[in-house]
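Have a look at model.cif; it's mmCIF, C-alpha atoms and all ligand atoms:
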data_coords
loop_
_atom_site.group_PDB
_atom_site.id
_atom_site.type_symbol
_atom_site.label_atom_id
_atom_site.label_comp_id
_atom_site.auth_asym_id
_atom_site.auth_seq_id
_atom_site.Cartn_x
_atom_site.Cartn_y
_atom_site.Cartn_z
ATOM 1 C CA MET A 228 -3.830 -34.079 -11.278
ATOM 2 C CA VAL A 229 -6.680 -34.096 -13.839
ATOM 3 C CA LYS A 230 -9.159 -31.185 -14.058
ATOM 4 C CA GLY A 231 -12.695 -32.507 -13.624
ATOM 5 C CA ASN A 232 -16.227 -31.086 -13.622
ATOM 6 C CA LEU A 233 -17.052 -27.492 -12.794
ATOM 7 C CA LEU A 234 -18.288 -27.651 -9.193
ATOM 8 C CA TYR A 235 -19.103 -23.972 -8.632
ATOM 9 C CA GLU A 236 -19.039 -20.846 -10.770
ATOM 10 C CA GLY A 237 -18.452 -17.901 -8.447
ATOM 11 C CA LYS A 238 -18.244 -14.195 -9.146
ATOM 12 C CA ALA A 239 -14.433 -14.046 -9.102
ATOM 13 C CA LYS A 240 -13.390 -17.699 -9.273
ATOM 14 C CA SER A 241 -14.453 -21.027 -10.753
ATOM 15 C CA VAL A 242 -14.001 -24.191 -8.719
ATOM 16 C CA TYR A 243 -13.367 -27.570 -10.412
ATOM 17 C CA GLU A 244 -13.266 -31.115 -9.130
ATOM 18 C CA THR A 245 -10.106 -33.155 -9.741
ATOM 19 C CA ASP A 246 -9.342 -36.874 -9.966
ATOM 20 C CA ASP A 247 -8.613 -36.698 -6.225
ATOM 21 C CA PRO A 248 -11.913 -36.322 -4.280
ATOM 22 C CA GLY A 249 -10.093 -34.436 -1.533
ATOM 23 C CA LEU A 250 -8.666 -31.763 -3.840
ATOM 24 C CA LEU A 251 -10.213 -28.918 -5.861
ATOM 25 C CA LEU A 252 -8.808 -26.668 -8.547
ATOM 26 C CA VAL A 253 -9.555 -22.955 -8.151
ATOM 27 C CA TYR A 254 -9.408 -20.795 -11.315
ATOM 28 C CA PHE A 255 -9.047 -17.027 -10.710
ATOM 29 C CA LYS A 256 -11.034 -14.897 -13.185
ATOM 30 C CA ASP A 257 -10.613 -11.242 -14.203
ATOM 31 C CA ASP A 258 -14.319 -10.606 -13.495
ATOM 32 C CA ALA A 259 -15.097 -8.134 -10.748
ATOM 33 C CA THR A 260 -18.346 -7.318 -8.980
ATOM 34 C CA ALA A 261 -19.262 -4.751 -6.353
ATOM 35 C CA ALA A 262 -22.322 -3.426 -4.518
ATOM 36 C CA ASN A 263 -23.612 -6.952 -3.827
ATOM 37 C CA GLY A 264 -23.339 -7.948 -7.488
ATOM 38 C CA ALA A 265 -25.076 -4.838 -8.889
ATOM 39 C CA LYS A 266 -21.844 -3.604 -10.504
ATOM 40 C CA HIS A 267 -19.933 -5.800 -12.971
ATOM 41 C CA GLY A 268 -16.614 -5.294 -14.710
ATOM 42 C CA VAL A 269 -13.377 -6.862 -15.850
ATOM 43 C CA ILE A 270 -9.976 -6.005 -14.407
ATOM 44 C CA PRO A 271 -7.421 -7.336 -16.940
ATOM 45 C CA GLY A 272 -4.766 -9.494 -15.282
ATOM 46 C CA LYS A 273 -6.555 -9.539 -11.893
ATOM 47 C CA GLY A 274 -6.889 -13.340 -11.868
ATOM 48 C CA VAL A 275 -3.158 -13.810 -12.344
ATOM 49 C CA VAL A 276 -2.312 -11.311 -9.593
ATOM 50 C CA ASN A 277 -4.829 -12.755 -7.125
ATOM 51 C CA ASN A 278 -3.623 -16.321 -7.737
ATOM 52 C CA LYS A 279 0.012 -15.314 -7.178
ATOM 53 C CA LEU A 280 -0.655 -13.067 -4.184
ATOM 54 C CA SER A 281 -2.923 -15.627 -2.506
ATOM 55 C CA ALA A 282 -0.262 -18.330 -2.928
ATOM 56 C CA PHE A 283 2.350 -15.922 -1.540
ATOM 57 C CA PHE A 284 0.266 -15.065 1.543
ATOM 58 C CA PHE A 285 -0.820 -18.681 2.220
ATOM 59 C CA LYS A 286 2.854 -19.790 2.095
ATOM 60 C CA GLN A 287 3.966 -16.976 4.404
ATOM 61 C CA LEU A 288 1.180 -17.906 6.844
ATOM 62 C CA LYS A 289 2.104 -21.599 6.718
ATOM 63 C CA ASP A 290 5.717 -20.718 7.594
ATOM 64 C CA ARG A 291 4.303 -18.990 10.701
ATOM 65 C CA GLY A 292 2.051 -21.879 11.774
ATOM 66 C CA ILE A 293 -1.275 -20.929 10.128
ATOM 67 C CA LYS A 294 -2.727 -23.836 8.154
ATOM 68 C CA SER A 295 -4.814 -23.183 5.030
ATOM 69 C CA HIS A 296 -6.445 -25.040 2.139
ATOM 70 C CA PHE A 297 -3.548 -24.110 -0.195
ATOM 71 C CA VAL A 298 -1.702 -27.097 -1.692
ATOM 72 C CA GLU A 299 0.179 -25.744 -4.710
ATOM 73 C CA THR A 300 0.076 -23.370 -7.659
ATOM 74 C CA VAL A 301 -0.634 -25.291 -10.866
ATOM 75 C CA GLY A 302 -0.932 -22.515 -13.459
ATOM 76 C CA GLU A 303 -0.901 -18.732 -13.891
ATOM 77 C CA ARG A 304 -4.525 -18.559 -12.754
ATOM 78 C CA GLU A 305 -4.962 -21.883 -10.964
ATOM 79 C CA MET A 306 -4.229 -23.295 -7.541
ATOM 80 C CA LEU A 307 -4.854 -26.717 -6.057
ATOM 81 C CA VAL A 308 -6.612 -26.620 -2.683
ATOM 82 C CA LYS A 309 -8.002 -29.018 -0.087
ATOM 83 C CA ARG A 310 -11.719 -29.538 -0.558
ATOM 84 C CA LEU A 311 -13.435 -28.097 2.521
ATOM 85 C CA ASP A 312 -16.959 -27.959 3.900
ATOM 86 C CA MET A 313 -17.189 -24.160 3.778
ATOM 87 C CA ILE A 314 -18.552 -22.245 6.763
ATOM 88 C CA LYS A 315 -21.083 -19.753 5.399
ATOM 89 C CA LEU A 316 -19.386 -16.722 6.921
ATOM 90 C CA GLU A 317 -17.250 -13.847 5.740
ATOM 91 C CA ILE A 318 -14.960 -12.812 8.584
ATOM 92 C CA VAL A 319 -13.902 -9.166 8.352
ATOM 93 C CA VAL A 320 -10.983 -7.845 10.418
ATOM 94 C CA ARG A 321 -10.481 -4.063 10.598
ATOM 95 C CA ASN A 322 -7.524 -1.978 11.796
ATOM 96 C CA ILE A 323 -8.521 1.408 10.363
ATOM 97 C CA VAL A 324 -11.974 2.829 9.569
ATOM 98 C CA ALA A 325 -12.895 2.470 5.872
ATOM 99 C CA GLY A 326 -15.698 1.232 3.620
ATOM 100 C CA SER A 327 -18.977 0.343 5.290
ATOM 101 C CA LEU A 328 -17.652 1.224 8.757
ATOM 102 C CA VAL A 329 -17.459 4.941 7.866
ATOM 103 C CA GLY A 330 -21.253 5.303 7.782
ATOM 104 C CA ARG A 331 -21.893 2.771 10.544
ATOM 105 C CA LEU A 332 -19.708 4.533 13.147
ATOM 106 C CA GLY A 333 -19.890 8.069 11.730
ATOM 107 C CA LEU A 334 -16.090 8.337 11.765
ATOM 108 C CA PRO A 335 -13.869 9.617 8.928
ATOM 109 C CA GLU A 336 -12.096 7.130 6.662
ATOM 110 C CA GLY A 337 -8.581 6.596 7.988
ATOM 111 C CA THR A 338 -9.450 6.775 11.714
ATOM 112 C CA PRO A 339 -7.293 4.184 13.545
ATOM 113 C CA LEU A 340 -9.170 1.677 15.737
ATOM 114 C CA ASN A 341 -7.861 1.065 19.277
ATOM 115 C CA VAL A 342 -8.108 -2.701 18.806
ATOM 116 C CA PRO A 343 -8.710 -4.827 15.697
ATOM 117 C CA VAL A 344 -12.456 -5.227 15.106
ATOM 118 C CA ILE A 345 -13.921 -8.564 13.958
ATOM 119 C CA GLU A 346 -17.237 -8.676 12.079
ATOM 120 C CA TYR A 347 -19.203 -11.537 10.532
ATOM 121 C CA ASP A 348 -21.317 -11.474 7.372
ATOM 122 C CA TYR A 349 -23.627 -14.398 6.576
ATOM 123 C CA LYS A 350 -22.720 -15.705 3.089
ATOM 124 C CA SER A 351 -26.151 -15.603 1.467
ATOM 125 C CA ASP A 352 -26.683 -14.002 -1.955
ATOM 126 C CA GLU A 353 -30.497 -14.091 -1.412
ATOM 127 C CA LEU A 354 -30.234 -12.102 1.830
ATOM 128 C CA GLY A 355 -27.445 -9.796 0.590
ATOM 129 C CA ASP A 356 -24.813 -11.086 3.059
ATOM 130 C CA PRO A 357 -26.283 -9.569 6.270
ATOM 131 C CA MET A 358 -24.059 -8.890 9.266
ATOM 132 C CA LEU A 359 -24.302 -11.430 12.121
ATOM 133 C CA ASN A 360 -22.860 -11.638 15.596
ATOM 134 C CA ARG A 361 -21.598 -14.804 17.330
ATOM 135 C CA TRP A 362 -25.021 -15.369 18.960
ATOM 136 C CA HIS A 363 -26.775 -15.519 15.572
ATOM 137 C CA ILE A 364 -24.034 -17.842 14.324
ATOM 138 C CA MET A 365 -24.614 -20.294 17.182
ATOM 139 C CA ALA A 366 -28.405 -19.868 17.170
ATOM 140 C CA ILE A 367 -28.820 -20.942 13.539
ATOM 141 C CA ASP A 368 -25.997 -23.504 13.514
ATOM 142 C CA VAL A 369 -23.715 -21.700 11.073
ATOM 143 C CA ALA A 370 -20.792 -22.730 13.287
ATOM 144 C CA THR A 371 -20.191 -23.972 16.833
ATOM 145 C CA ILE A 372 -18.808 -21.792 19.616
ATOM 146 C CA ASP A 373 -15.528 -23.733 19.458
ATOM 147 C CA GLU A 374 -15.302 -23.050 15.719
ATOM 148 C CA VAL A 375 -16.053 -19.344 16.225
ATOM 149 C CA ASN A 376 -13.369 -19.102 18.918
ATOM 150 C CA ARG A 377 -10.880 -20.854 16.630
ATOM 151 C CA ILE A 378 -11.789 -18.590 13.699
ATOM 152 C CA GLU A 379 -11.300 -15.441 15.825
ATOM 153 C CA HIS A 380 -7.935 -16.672 17.116
ATOM 154 C CA VAL A 381 -6.678 -17.483 13.601
ATOM 155 C CA ALA A 382 -8.122 -14.272 12.087
ATOM 156 C CA LEU A 383 -6.286 -12.115 14.664
ATOM 157 C CA SER A 384 -3.034 -14.035 14.079
ATOM 158 C CA VAL A 385 -3.420 -13.579 10.314
ATOM 159 C CA ASN A 386 -3.912 -9.860 10.949
ATOM 160 C CA THR A 387 -0.683 -9.547 12.940
ATOM 161 C CA ILE A 388 1.341 -11.556 10.418
ATOM 162 C CA LEU A 389 -0.004 -9.784 7.316
ATOM 163 C CA ARG A 390 0.360 -6.335 8.907
ATOM 164 C CA ASP A 391 4.066 -6.971 9.524
ATOM 165 C CA ILE A 392 4.737 -8.403 6.055
ATOM 166 C CA LEU A 393 2.911 -5.519 4.365
ATOM 167 C CA ARG A 394 4.439 -2.799 6.547
ATOM 168 C CA ALA A 395 7.896 -3.914 5.367
ATOM 169 C CA LYS A 396 6.665 -3.193 1.819
ATOM 170 C CA ASN A 397 5.295 0.248 2.755
ATOM 171 C CA VAL A 398 1.690 -0.926 2.747
ATOM 172 C CA ASP A 399 -0.841 -0.465 5.562
ATOM 173 C CA LEU A 400 -3.381 -3.259 6.058
ATOM 174 C CA ILE A 401 -6.638 -1.343 6.581
ATOM 175 C CA ASP A 402 -9.027 -4.315 6.682
ATOM 176 C CA PHE A 403 -9.644 -7.699 5.059
ATOM 177 C CA LYS A 404 -12.140 -10.548 4.658
ATOM 178 C CA LEU A 405 -11.392 -14.223 5.298
ATOM 179 C CA GLU A 406 -13.312 -17.469 4.782
ATOM 180 C CA PHE A 407 -12.868 -20.751 6.622
ATOM 181 C CA GLY A 408 -13.937 -24.350 6.030
ATOM 182 C CA ARG A 409 -13.895 -27.719 7.770
ATOM 183 C CA ASP A 410 -11.397 -30.359 6.644
ATOM 184 C CA VAL A 411 -13.933 -33.192 6.490
ATOM 185 C CA SER A 412 -11.425 -35.622 4.956
ATOM 186 C CA GLY A 413 -9.515 -35.290 8.244
ATOM 187 C CA ASP A 414 -10.904 -34.586 11.701
ATOM 188 C CA GLY A 415 -13.025 -31.575 10.724
ATOM 189 C CA GLU A 416 -10.295 -29.084 11.627
ATOM 190 C CA VAL A 417 -11.201 -25.507 10.675
ATOM 191 C CA LEU A 418 -8.782 -24.225 8.010
ATOM 192 C CA LEU A 419 -8.296 -20.851 6.349
ATOM 193 C CA ALA A 420 -9.626 -20.980 2.749
ATOM 194 C CA ASP A 421 -10.621 -18.929 -0.296
ATOM 195 C CA GLU A 422 -8.130 -16.143 -1.222
ATOM 196 C CA ILE A 423 -6.086 -13.255 0.171
ATOM 197 C CA SER A 424 -5.759 -10.549 -2.471
ATOM 198 C CA PRO A 425 -6.593 -6.916 -3.339
ATOM 199 C CA ASP A 426 -10.169 -8.159 -3.982
ATOM 200 C CA ASN A 427 -10.776 -8.879 -0.306
ATOM 201 C CA CYS A 428 -8.269 -6.659 1.487
ATOM 202 C CA ARG A 429 -7.806 -2.896 1.703
ATOM 203 C CA PHE A 430 -4.174 -1.890 1.132
ATOM 204 C CA TRP A 431 -2.950 1.726 1.380
ATOM 205 C CA ASP A 432 0.510 3.099 0.670
ATOM 206 C CA VAL A 433 1.963 4.017 4.080
ATOM 207 C CA VAL A 434 3.150 7.480 3.003
ATOM 208 C CA THR A 435 0.698 8.695 0.339
ATOM 209 C CA HIS A 436 -2.348 6.639 1.495
ATOM 210 C CA GLU A 437 -2.891 5.763 -2.181
ATOM 211 C CA LYS A 438 -5.390 2.902 -2.435
ATOM 212 C CA LEU A 439 -3.867 -0.292 -3.891
ATOM 213 C CA ASP A 440 -6.962 -2.529 -3.910
ATOM 214 C CA LYS A 441 -10.450 -3.147 -5.280
ATOM 215 C CA ASP A 442 -11.780 0.136 -3.844
ATOM 216 C CA ARG A 443 -10.384 1.716 -7.037
ATOM 217 C CA PHE A 444 -12.937 -0.398 -8.976
ATOM 218 C CA ARG A 445 -15.741 -0.035 -6.398
ATOM 219 C CA ASN A 446 -15.406 3.765 -6.414
ATOM 220 C CA ASP A 447 -14.517 4.315 -10.124
ATOM 221 C CA MET A 448 -11.145 5.818 -9.226
ATOM 222 C CA GLY A 449 -9.193 4.598 -12.294
ATOM 223 C CA GLY A 450 -5.773 2.947 -12.128
ATOM 224 C CA VAL A 451 -7.354 -0.351 -11.062
ATOM 225 C CA GLU A 452 -5.110 -2.720 -13.073
ATOM 226 C CA GLU A 453 -2.043 -0.729 -12.074
ATOM 227 C CA ALA A 454 -2.910 -0.999 -8.367
ATOM 228 C CA TYR A 455 -3.126 -4.827 -8.555
ATOM 229 C CA GLN A 456 0.186 -5.009 -10.464
ATOM 230 C CA GLU A 457 1.822 -2.660 -7.943
ATOM 231 C CA MET A 458 0.792 -4.914 -5.033
ATOM 232 C CA LEU A 459 2.223 -7.955 -6.823
ATOM 233 C CA ARG A 460 5.433 -6.065 -7.571
ATOM 234 C CA ARG A 461 5.884 -4.860 -3.980
ATOM 235 C CA LEU A 462 5.206 -8.243 -2.399
ATOM 236 C CA THR A 463 6.905 -10.683 -4.723
ATOM 237 C CA LEU A 464 9.651 -8.883 -6.692
HETATM 238 P P1 LIG B 1 -18.585 -16.067 -4.576
HETATM 239 O O1 LIG B 1 -19.123 -17.372 -4.052
HETATM 240 O O2 LIG B 1 -18.760 -14.970 -3.570
HETATM 241 O O3 LIG B 1 -19.079 -15.691 -5.927
HETATM 242 P P2 LIG B 1 -15.900 -16.730 -5.599
HETATM 243 O O4 LIG B 1 -16.104 -16.302 -6.997
HETATM 244 O O5 LIG B 1 -14.636 -16.311 -4.931
HETATM 245 O O6 LIG B 1 -17.015 -16.229 -4.574
HETATM 246 O O7 LIG B 1 -16.056 -18.307 -5.581
HETATM 247 C C1 LIG B 1 -15.236 -19.170 -4.888
HETATM 248 C C2 LIG B 1 -16.085 -20.066 -4.030
HETATM 249 O O8 LIG B 1 -15.312 -21.177 -3.596
HETATM 250 C C3 LIG B 1 -16.610 -19.359 -2.784
HETATM 251 O O9 LIG B 1 -17.992 -19.655 -2.621
HETATM 252 C C4 LIG B 1 -15.794 -19.972 -1.645
HETATM 253 O O10 LIG B 1 -16.530 -20.028 -0.439
HETATM 254 C C5 LIG B 1 -15.504 -21.364 -2.195
HETATM 255 N N1 LIG B 1 -14.270 -21.974 -1.663
HETATM 256 C C6 LIG B 1 -13.097 -21.361 -1.371
HETATM 257 N N2 LIG B 1 -12.185 -22.250 -0.913
HETATM 258 C C7 LIG B 1 -12.790 -23.469 -0.910
HETATM 259 C C8 LIG B 1 -12.381 -24.790 -0.529
HETATM 260 N N3 LIG B 1 -11.146 -25.031 -0.077
HETATM 261 N N4 LIG B 1 -13.277 -25.807 -0.639
HETATM 262 C C9 LIG B 1 -14.534 -25.569 -1.110
HETATM 263 N N5 LIG B 1 -14.981 -24.348 -1.499
HETATM 264 C C10 LIG B 1 -14.132 -23.305 -1.404
HETATM 265 P P1 LIG B 2 -16.719 -3.306 3.880
HETATM 266 O O1 LIG B 2 -16.036 -2.104 4.458
HETATM 267 O O2 LIG B 2 -17.365 -3.045 2.549
HETATM 268 O O3 LIG B 2 -17.657 -3.936 4.858
HETATM 269 O O4 LIG B 2 -15.575 -4.401 3.583
HETATM 270 C C1 LIG B 2 -14.666 -4.822 4.567
HETATM 271 C C2 LIG B 2 -13.573 -5.679 3.932
HETATM 272 O O5 LIG B 2 -14.132 -6.898 3.467
HETATM 273 C C3 LIG B 2 -12.878 -5.046 2.733
HETATM 274 O O6 LIG B 2 -11.500 -5.377 2.770
HETATM 275 C C4 LIG B 2 -13.510 -5.689 1.548
HETATM 276 C C5 LIG B 2 -13.902 -7.059 2.056
HETATM 277 N N1 LIG B 2 -15.128 -7.577 1.478
HETATM 278 C C6 LIG B 2 -15.108 -8.706 0.674
HETATM 279 O O7 LIG B 2 -14.049 -9.284 0.435
HETATM 280 N N2 LIG B 2 -16.288 -9.180 0.171
HETATM 281 C C7 LIG B 2 -17.486 -8.570 0.410
HETATM 282 O O8 LIG B 2 -18.521 -9.036 -0.084
HETATM 283 C C8 LIG B 2 -17.496 -7.399 1.244
HETATM 284 C C9 LIG B 2 -18.787 -6.667 1.539
HETATM 285 C C10 LIG B 2 -16.301 -6.946 1.752
#
Please render this file's structure as structure tokens.
Amino acid sequence: MVKGNLLYEGKAKSVYETDDPGLLLVYFKDDATAANGAKHGVIPGKGVVNNKLSAFFFKQLKDRGIKSHFVETVGEREMLVKRLDMIKLEIVVRNIVAGSLVGRLGLPEGTPLNVPVIEYDYKSDELGDPMLNRWHIMAIDVATIDEVNRIEHVALSVNTILRDILRAKNVDLIDFKLEFGRDVSGDGEVLLADEISPDNCRFWDVVTHEKLDKDRFRNDMGGVEEAYQEMLRRLTL
């Protein structure tokens, strides 16, 4: 596999073409942003942790029947993935009230939800990633109803699988964000993509409720690097 042109420079990752038109190389950076890009910083070692943790989670999901874009790890900060036609949605699944839901529902952080809650944000930097519902998604052709149904089914399965894996490591899965894309080199099947890491999940220690994720950066709590390393240690050592 030969690394080709830079296709996309994101906030946390860079995406490169390869000599295979169906494959992309994702490079995980240490850069971190929050508050819709208003806050910038660097979390040393984050890229390495997120690459390793994402590979770990994608492999665990594959073993349980959930297909993703992940092909293989090719370096400390790099993974090879299937090139997908990305669906411009961020799919958030919540088990416990935290983050933006605190103000929206007027409930204290840490309140358990009776059922997992699915939310959609429209991936649009210009609009500031506004929240959508499935009617908006269909009305403006972001995805079809069949795709939305598939995404919800997979997102809830991912939730169940990750919750169990994390619980065994004394971590509660509070909420997380997924992205999906269409496998246009095949039959257009919707596959799980992007990453699964402390950048896009909320992880709390089961006993102490210590935060082991990017909220430590978002909320200037300190111990950010240590939290990422602790998650890697718990999951993979
Ligand atoms: P952002 O776009 O929010 O700055 P990143 O820094 O994480 O995000 O950049 C990674 C980009 O790569 C995202 O836009 C994501 O949608 C996209 N992406 C993730 N997986 C794939 C894939 N398999 N094929 C094509 N694009 C992908
Ligand atoms: P929120 O509580 O800020 O809406 O975030 C919900 C979850 O989604 C949380 O795990 C963080 C993740 N997330 C992202 O990965 N990217 C984003 O741009 C946002 C807003 C949230």
- Item | Expected selection from the PyMOL selection byres (((not hetatm)) within 10 of (chain B and resi 2)), given as a ChimeraX atom specification | /A:260-264,317-321,324-331,346-350,352,355-358,400-406,422-430,440-442,445
- Given 10 Å and only C-alpha atoms and all ligand atoms, residues near ligand LIG 1 (chain B) as a ChimeraX atom specification: /A:234-244,249-256,258-260,263-264,295-298,307-317,350-352,356,405-410,418-422,426-427
- Message: Env of stretch 283-291 of chain A: 8 Å cut, atoms = only C-alpha atoms, seq-sep filter 2 positions within chain, self excluded. Answer as a ChimeraX atom specification.
- Response: /A:279-281,293-295,297,385,388-389,423,463
- Query: To one decimal place, how far is atom CA of A:Asn360 from atom CA of A:Val411 in Å?
  - Reply: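 Atom-to-atom, atom CA of A:Asn360 to atom CA of A:Val411, that is 25.0 Å.
Distance annotation: of A:Val344, A:Leu359, A:Ile270, A:Val369, the residue with the minimal separation from A:Leu383 is A:Val344; atom set is only C-alpha atoms.
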- Message: Report, in Å to a single decimal, how far apart atom CA of A:Asp246 and atom CA of A:Lys273 are.
- Response: 27.5 Å
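Comparing the minimum interatomic distances between A:Ile345 and each of A:Asp373, A:Val381, A:Tyr455, A:Ile367, counting all atoms listed in the file, we find that A:Val381 sits nearest.
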- Query: Applied to this file, what does the PyMOL selection byres (((chain A and resi 337) around 6) and not hetatm) return in terms of residues, put as an NGL selection string?
  - Reply: :A and (323-324 or 336 or 338)
- Could you state the separation of atom CA of A:Val275 and atom CA of A:Arg304 in Å, given to one decimal place?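 Interatomic distance here is 5.0 Å.
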- Message: Can you spell out as a list in words the set of residues that the PyMOL selection byres (((chain A and resi 396) around 9) and not hetatm) selects in the structure I just provided?
- Response: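 Taken on the displayed file, the PyMOL selection byres (((chain A and resi 396) around 9) and not hetatm) yields the residues Asp391, Ile392, Leu393, Arg394, Ala395, Asn397, Val398, Asp399, Asp432, Val433, Arg461 and Leu462 of chain A.
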- Message: Could you check the closest approach to A:Asn446 for each of A:Ser412, A:Met458, A:Arg390, A:Lys266 and tell me which residue wins, using all atoms listed in the file?
- Response: A:Lys266
Because some atoms of stretch 374-389 of chain A are absent here, can you restore N, CA and C atoms and send them as a PDB file, keeping the file's coordinate frame?
ATOM      1  N   GLU A 374     -15.764 -23.475  17.051  1.00  0.00           N
ATOM      2  CA  GLU A 374     -15.302 -23.050  15.719  1.00  0.00           C
ATOM      3  C   GLU A 374     -15.157 -21.533  15.659  1.00  0.00           C
ATOM      4  N   VAL A 375     -16.124 -20.813  16.239  1.00  0.00           N
ATOM      5  CA  VAL A 375     -16.053 -19.344  16.225  1.00  0.00           C
ATOM      6  C   VAL A 375     -14.822 -18.871  16.999  1.00  0.00           C
ATOM      7  N   ASN A 376     -14.555 -19.481  18.139  1.00  0.00           N
ATOM      8  CA  ASN A 376     -13.369 -19.102  18.918  1.00  0.00           C
ATOM      9  C   ASN A 376     -12.092 -19.353  18.119  1.00  0.00           C
ATOM     10  N   ARG A 377     -12.050 -20.500  17.453  1.00  0.00           N
ATOM     11  CA  ARG A 377     -10.880 -20.854  16.630  1.00  0.00           C
ATOM     12  C   ARG A 377     -10.705 -19.840  15.491  1.00  0.00           C
ATOM     13  N   ILE A 378     -11.818 -19.537  14.822  1.00  0.00           N
ATOM     14  CA  ILE A 378     -11.789 -18.590  13.699  1.00  0.00           C
ATOM     15  C   ILE A 378     -11.262 -17.226  14.173  1.00  0.00           C
ATOM     16  N   GLU A 379     -11.736 -16.759  15.327  1.00  0.00           N
ATOM     17  CA  GLU A 379     -11.300 -15.441  15.825  1.00  0.00           C
ATOM     18  C   GLU A 379      -9.802 -15.465  16.149  1.00  0.00           C
ATOM     19  N   HIS A 380      -9.357 -16.550  16.764  1.00  0.00           N
ATOM     20  CA  HIS A 380      -7.935 -16.672  17.116  1.00  0.00           C
ATOM     21  C   HIS A 380      -7.071 -16.630  15.843  1.00  0.00           C
ATOM     22  N   VAL A 381      -7.469 -17.426  14.838  1.00  0.00           N
ATOM     23  CA  VAL A 381      -6.678 -17.483  13.601  1.00  0.00           C
ATOM     24  C   VAL A 381      -6.761 -16.132  12.867  1.00  0.00           C
ATOM     25  N   ALA A 382      -7.954 -15.543  12.814  1.00  0.00           N
ATOM     26  CA  ALA A 382      -8.122 -14.272  12.087  1.00  0.00           C
ATOM     27  C   ALA A 382      -7.232 -13.178  12.693  1.00  0.00           C
ATOM     28  N   LEU A 383      -7.130 -13.142  14.025  1.00  0.00           N
ATOM     29  CA  LEU A 383      -6.286 -12.115  14.664  1.00  0.00           C
ATOM     30  C   LEU A 383      -4.803 -12.402  14.424  1.00  0.00           C
ATOM     31  N   SER A 384      -4.434 -13.688  14.395  1.00  0.00           N
ATOM     32  CA  SER A 384      -3.034 -14.035  14.079  1.00  0.00           C
ATOM     33  C   SER A 384      -2.700 -13.655  12.644  1.00  0.00           C
ATOM     34  N   VAL A 385      -3.628 -13.951  11.727  1.00  0.00           N
ATOM     35  CA  VAL A 385      -3.420 -13.579  10.314  1.00  0.00           C
ATOM     36  C   VAL A 385      -3.231 -12.066  10.221  1.00  0.00           C
ATOM     37  N   ASN A 386      -4.016 -11.320  10.971  1.00  0.00           N
ATOM     38  CA  ASN A 386      -3.912  -9.860  10.949  1.00  0.00           C
ATOM     39  C   ASN A 386      -2.508  -9.407  11.355  1.00  0.00           C
ATOM     40  N   THR A 387      -2.010  -9.951  12.453  1.00  0.00           N
ATOM     41  CA  THR A 387      -0.683  -9.547  12.940  1.00  0.00           C
ATOM     42  C   THR A 387       0.395  -9.889  11.915  1.00  0.00           C
ATOM     43  N   ILE A 388       0.312 -11.100  11.365  1.00  0.00           N
ATOM     44  CA  ILE A 388       1.341 -11.556  10.418  1.00  0.00           C
ATOM     45  C   ILE A 388       1.295 -10.719   9.134  1.00  0.00           C
ATOM     46  N   LEU A 389       0.108 -10.537   8.575  1.00  0.00           N
ATOM     47  CA  LEU A 389      -0.004  -9.784   7.316  1.00  0.00           C
ATOM     48  C   LEU A 389       0.389  -8.321   7.514  1.00  0.00           C
TER      49      LEU A 389
END
